[in-house]
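Undergrad: This is the structure, below, for whatever I ask next.
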Amino acid sequence: MSDSTQHSERQSDCTTTESFSDHGIDDAADLVTQTYYRLKAGEQNQFTPDDSFFDRLESAFIWAYLGSVDEPGIPAHVQMAIEDARWFTQDEFVDRPDADLRTEVIPAFYQRIAGFHCVYRDQTSPGSI
């Protein structure tokens, strides 16, 4: 099988639910739930559409990720996915201060991270195009 065929198959097999399976995370719901509880533990109980909130959201996700993997640190392609997802999610919710943290903001953030991760992991894997 050629490298481009393997690349296409990996990308087409990648879903938001299984995006991080290559890092040993088989259930996306765990990352979403852990992110929420990390925010809540930091007394972030509701959404606010400002940079400070998105700093905390990004940090909560990073710690949820680190607590779920057996890797030292955040791989570059995961960090890029987080940063891009943050920007797009912040842009989506900037005019929606009444958005629900648990059912709207965090799931939208995760879906974007997972989508970007599907693309970026394939671009940075050996033999990728």
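Following the order of the structure tokens, chains are lettered A, B, ..., residues in each are numbered from 1, and ligands are numbered from 1.
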Which residues come within 10 Å of Arg56 (chain A), counting only C-alpha atoms, excluding same-chain residues fewer than 6 positions away, as a VMD selection string?

TA: chain A and resid 35 38 to 39 42 44 62

Undergrad: Mind dumping the selected residues with N, CA and C atoms as a tab-separated table (two decimals), in the first residue's frame?

TA:
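To be explicit, this is the file written out as part_3.tsv:
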```tsv
chain	number	residue	atom	x	y	z
A	35	THR	N	-12.32	17.99	31.03
A	35	THR	CA	-12.12	19.42	30.80
A	35	THR	C	-13.14	20.22	31.61
A	38	ARG	N	-12.31	20.07	35.35
A	38	ARG	CA	-11.12	20.88	35.67
A	38	ARG	C	-11.47	22.37	35.71
A	39	LEU	N	-12.32	22.80	34.80
A	39	LEU	CA	-12.79	24.20	34.85
A	39	LEU	C	-13.59	24.45	36.11
A	42	GLY	N	-11.59	24.85	39.14
A	42	GLY	CA	-10.97	26.17	39.15
A	42	GLY	C	-11.99	27.29	39.31
A	44	GLN	N	-14.59	27.93	37.57
A	44	GLN	CA	-15.12	28.46	36.31
A	44	GLN	C	-16.41	27.70	36.04
A	62	ILE	N	-5.70	20.89	28.17
A	62	ILE	CA	-4.33	20.37	28.18
A	62	ILE	C	-4.12	19.44	29.37
```

Undergrad: Leaving out region 92-109 of chain A and any residue of its chain fewer than 5 positions from it, which residues lie within 7 Å of it when counting only C-alpha atoms, given as an mmCIF file with N, CA and C atoms, in the first residue's frame?

TA:
```cif
data_model
loop_
_atom_site.group_PDB
_atom_site.id
_atom_site.type_symbol
_atom_site.label_atom_id
_atom_site.label_comp_id
_atom_site.auth_asym_id
_atom_site.auth_seq_id
_atom_site.Cartn_x
_atom_site.Cartn_y
_atom_site.Cartn_z
ATOM 1 N N VAL A 32 -13.842 15.540 27.227
ATOM 2 C CA VAL A 32 -14.828 16.610 27.395
ATOM 3 C C VAL A 32 -15.227 16.719 28.869
ATOM 4 N N TYR A 36 -14.383 19.798 31.565
ATOM 5 C CA TYR A 36 -15.435 20.482 32.318
ATOM 6 C C TYR A 36 -15.127 20.474 33.819
ATOM 7 N N GLN A 46 -19.308 29.016 34.693
ATOM 8 C CA GLN A 46 -20.082 29.444 33.542
ATOM 9 C C GLN A 46 -19.165 30.063 32.496
ATOM 10 N N PHE A 47 -19.718 30.186 31.327
ATOM 11 C CA PHE A 47 -18.973 30.713 30.192
ATOM 12 C C PHE A 47 -18.938 32.234 30.216
ATOM 13 N N THR A 48 -17.780 32.780 29.911
ATOM 14 C CA THR A 48 -17.628 34.215 29.670
ATOM 15 C C THR A 48 -16.795 34.364 28.398
ATOM 16 N N PRO A 49 -17.252 35.147 27.433
ATOM 17 C CA PRO A 49 -16.568 35.222 26.134
ATOM 18 C C PRO A 49 -15.370 36.169 26.126
ATOM 19 N N ALA A 85 -8.318 25.418 17.437
ATOM 20 C CA ALA A 85 -9.671 25.227 17.953
ATOM 21 C C ALA A 85 -10.064 26.363 18.888
ATOM 22 N N ARG A 86 -9.132 26.800 19.694
ATOM 23 C CA ARG A 86 -9.405 27.919 20.603
ATOM 24 C C ARG A 86 -9.822 29.143 19.808
#
```

Undergrad: Determine the nearest neighbour of Ala76 (chain A) from the options A:Tyr120, A:Thr16, A:Ala28, A:Asp51, counting only C-alpha atoms.

TA: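 Closest candidate: A:Tyr120.
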
Undergrad: Taking the chain letters and numbering used in this document, name the residues of chain A that DSSP puts in helix (DSSP H, G or I), as a PyMOL selection string.

TA: chain A and resi 3-13+21-23+28-41+51-66+76-93+101-124

Undergrad: For CA of Glu71 (chain A) and CA of Asn45 (chain A), determine how far apart the two atoms are, in Å to one decimal place.

TA: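 Separation of CA of Glu71 (chain A) and CA of Asn45 (chain A): 29.4 Å.
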
Undergrad: Interatomic distance between CA of Ala64 (chain A) and CA of Tyr37 (chain A)?

TA: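 Between these atoms lies a distance of 9.2 Å.
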
Undergrad: At a cut-off of 12 Å, using only C-alpha atoms, what residues contact Ile74 (chain A)? Leave out same-chain residues fewer than 2 positions from it and give the result as an MDAnalysis selection string.

TA: chainID A and resid 23 59 61:72 76:82

Undergrad: Just how far from CA of Glu43 (chain A) is CA of Gly73 (chain A), in Å to one decimal?

TA: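 Separation between CA of Gly73 (chain A) and CA of Glu43 (chain A): 25.0 Å.
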